[in-house]
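Visitor: To start, I am sharing the structure in question, which I have written as structure tokens.
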Amino acid sequence: MNEVEQEIRKLEEELTQTEMRLDVDALDRIYADDIMVTAPIGICVDKPAVMSEVRQAADKATIGKYDKDDLKVRAFGDTAVSSYRMTAWATVEGIEIKRQLCITNVWLKRNGSWQIVSRHTAGLPGDTPPAPETCG
């Protein structure tokens, strides 16, 4: 494993902790302004939509479990790709939600800092997304 791959692994661990805490300010720094996120339902959204969802979750959700496993990282100069399985259990306005996703992040180093410029999420068997009325 090269130095960049080790650095991205460390950043992925920080990302896990940040997402578990629903730290809006930290996620705003980690996600690039021009990020593209493909949601499990197949739509592509931009940073304002992503951050709106994070803010709503921070106000309404309690994270019970947030595990990341099978992390793989590949580096390509100032770009790196990470992929992993994520399991999260949360309670949103009294409704329990269990998410099981496969996530791929594309990291880009700009001005000396790494940011996620693209994210693709896919539901895995056992994924129970929130009902539309709980999505904001």
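As shown in the structure tokens, the chain order sets the letters A, B, ...; within each chain, residues go from 1, and ligands are also counted from 1 in the order they appear.
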Per DSSP on the backbone, filter range 39-129 of chain A down to the residues in strand (DSSP E or B) and report them as a PyMOL selection string.
Guide: chain A and resi 44-45+61-76+79-92+95-110+113-123+128
Visitor: Any chance you could list, as a PyMOL selection string, the residues in chain A that come up helix (DSSP H, G or I) when DSSP is run on the backbone?
Guide: chain A and resi 3-21+24-30+47-60+132-134
Visitor: Write the residues of the preceding selection, restricted to N, CA and C atoms, as a short mmCIF file (atom, residue, chain, number, x, y, z; two decimals), in the first residue's frame.
Guide:
```
data_model
loop_
_atom_site.label_atom_id
_atom_site.label_comp_id
_atom_site.auth_asym_id
_atom_site.auth_seq_id
_atom_site.Cartn_x
_atom_site.Cartn_y
_atom_site.Cartn_z
N GLU A 3 1.75 5.52 0.01
CA GLU A 3 1.49 6.61 0.96
C GLU A 3 0.11 7.25 0.76
N VAL A 4 -0.29 7.47 -0.48
CA VAL A 4 -1.59 8.08 -0.75
C VAL A 4 -2.71 7.14 -0.28
N GLU A 5 -2.58 5.86 -0.56
CA GLU A 5 -3.60 4.91 -0.12
C GLU A 5 -3.72 4.89 1.40
N GLN A 6 -2.59 4.97 2.10
CA GLN A 6 -2.62 5.04 3.57
C GLN A 6 -3.32 6.31 4.03
N GLU A 7 -3.04 7.44 3.36
CA GLU A 7 -3.66 8.71 3.73
C GLU A 7 -5.18 8.65 3.51
N ILE A 8 -5.61 8.06 2.41
CA ILE A 8 -7.05 7.96 2.14
C ILE A 8 -7.72 7.03 3.15
N ARG A 9 -7.06 5.96 3.53
CA ARG A 9 -7.62 5.08 4.58
C ARG A 9 -7.84 5.86 5.87
N LYS A 10 -6.89 6.71 6.22
CA LYS A 10 -7.03 7.54 7.42
C LYS A 10 -8.19 8.52 7.25
N LEU A 11 -8.29 9.14 6.08
CA LEU A 11 -9.38 10.07 5.82
C LEU A 11 -10.73 9.35 5.83
N GLU A 12 -10.78 8.13 5.34
CA GLU A 12 -12.02 7.36 5.38
C GLU A 12 -12.45 7.07 6.82
N GLU A 13 -11.49 6.82 7.69
CA GLU A 13 -11.83 6.61 9.10
C GLU A 13 -12.37 7.92 9.71
N GLU A 14 -11.74 9.04 9.39
CA GLU A 14 -12.23 10.33 9.86
C GLU A 14 -13.63 10.60 9.30
N LEU A 15 -13.84 10.24 8.03
CA LEU A 15 -15.15 10.41 7.41
C LEU A 15 -16.20 9.59 8.14
N THR A 16 -15.87 8.36 8.50
CA THR A 16 -16.80 7.51 9.24
C THR A 16 -17.22 8.18 10.54
N GLN A 17 -16.24 8.69 11.29
CA GLN A 17 -16.55 9.35 12.56
C GLN A 17 -17.39 10.61 12.34
N THR A 18 -17.07 11.35 11.29
CA THR A 18 -17.78 12.59 10.98
C THR A 18 -19.23 12.29 10.59
N GLU A 19 -19.43 11.27 9.76
CA GLU A 19 -20.79 10.90 9.35
C GLU A 19 -21.58 10.34 10.53
N MET A 20 -20.92 9.60 11.40
CA MET A 20 -21.59 9.04 12.56
C MET A 20 -22.09 10.16 13.49
N ARG A 21 -21.31 11.21 13.62
CA ARG A 21 -21.69 12.36 14.46
C ARG A 21 -22.62 13.32 13.73
N VAL A 24 -22.09 18.54 10.40
CA VAL A 24 -22.41 19.28 9.19
C VAL A 24 -21.20 20.09 8.69
N ASP A 25 -20.54 20.80 9.57
CA ASP A 25 -19.41 21.65 9.15
C ASP A 25 -18.26 20.83 8.58
N ALA A 26 -17.94 19.73 9.24
CA ALA A 26 -16.85 18.88 8.75
C ALA A 26 -17.20 18.26 7.40
N LEU A 27 -18.43 17.79 7.25
CA LEU A 27 -18.83 17.20 5.97
C LEU A 27 -18.84 18.24 4.86
N ASP A 28 -19.18 19.47 5.20
CA ASP A 28 -19.16 20.55 4.22
C ASP A 28 -17.74 20.77 3.69
N ARG A 29 -16.74 20.55 4.54
CA ARG A 29 -15.34 20.69 4.11
C ARG A 29 -14.87 19.47 3.32
N ILE A 30 -15.33 18.29 3.71
CA ILE A 30 -14.89 17.05 3.06
C ILE A 30 -15.50 16.92 1.67
N LYS A 47 -24.04 19.22 -4.30
CA LYS A 47 -23.72 19.50 -2.91
C LYS A 47 -24.85 20.16 -2.13
N PRO A 48 -25.55 21.15 -2.69
CA PRO A 48 -26.65 21.72 -1.90
C PRO A 48 -27.69 20.67 -1.46
N ALA A 49 -28.01 19.75 -2.34
CA ALA A 49 -28.98 18.70 -1.99
C ALA A 49 -28.41 17.77 -0.93
N VAL A 50 -27.14 17.40 -1.07
CA VAL A 50 -26.50 16.52 -0.10
C VAL A 50 -26.45 17.19 1.27
N MET A 51 -26.03 18.44 1.31
CA MET A 51 -25.89 19.12 2.59
C MET A 51 -27.26 19.40 3.22
N SER A 52 -28.27 19.61 2.42
CA SER A 52 -29.63 19.77 2.95
C SER A 52 -30.06 18.50 3.67
N GLU A 53 -29.78 17.36 3.05
CA GLU A 53 -30.12 16.08 3.68
C GLU A 53 -29.33 15.87 4.97
N VAL A 54 -28.04 16.24 4.95
CA VAL A 54 -27.21 16.10 6.16
C VAL A 54 -27.77 16.97 7.28
N ARG A 55 -28.14 18.21 6.97
CA ARG A 55 -28.69 19.12 7.99
C ARG A 55 -30.00 18.56 8.56
N GLN A 56 -30.86 18.04 7.70
CA GLN A 56 -32.12 17.45 8.17
C GLN A 56 -31.85 16.26 9.07
N ALA A 57 -30.91 15.40 8.66
CA ALA A 57 -30.57 14.23 9.46
C ALA A 57 -30.00 14.65 10.81
N ALA A 58 -29.16 15.68 10.82
CA ALA A 58 -28.55 16.15 12.06
C ALA A 58 -29.62 16.61 13.05
N ASP A 59 -30.70 17.17 12.52
CA ASP A 59 -31.79 17.66 13.37
C ASP A 59 -32.73 16.56 13.82
N LYS A 60 -32.86 15.47 13.02
CA LYS A 60 -33.90 14.48 13.26
C LYS A 60 -33.41 13.09 13.62
N PRO A 132 -40.74 7.62 1.96
CA PRO A 132 -40.64 8.97 1.41
C PRO A 132 -41.01 10.08 2.38
N GLU A 133 -42.00 9.86 3.24
CA GLU A 133 -42.40 10.92 4.15
C GLU A 133 -41.35 11.22 5.22
N THR A 134 -40.36 10.32 5.45
CA THR A 134 -39.31 10.58 6.43
C THR A 134 -38.06 11.15 5.80
#
```
Visitor: Compare A:Thr91, A:Thr128, A:Thr62, A:Thr38 by their minimum atom-to-atom distance to Asn105 in chain A, counting only C-alpha atoms, and give me the closest one.
Guide: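 Of the candidates, the smallest distance to Asn105 in chain A is held by A:Thr38.
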Visitor: Hey, can you check how far CA of Ile116 in chain A sits from CA of Ser83 in chain A?
Guide: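 Separating CA of Ile116 in chain A from CA of Ser83 in chain A is a distance of 12.4 Å.
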Visitor: One decimal, in Å: what's the spacing between CA of Trp89 in chain A and CA of Gly64 in chain A?
Guide: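 Value for the CA of Trp89 in chain A-CA of Gly64 in chain A distance: 5.3 Å.
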Visitor: Record the distance separating CA of Gly77 in chain A and CA of Arg119 in chain A, expressed in Å with one decimal.
Guide: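 Computed distance, CA of Gly77 in chain A to CA of Arg119 in chain A, equals 18.7 Å.
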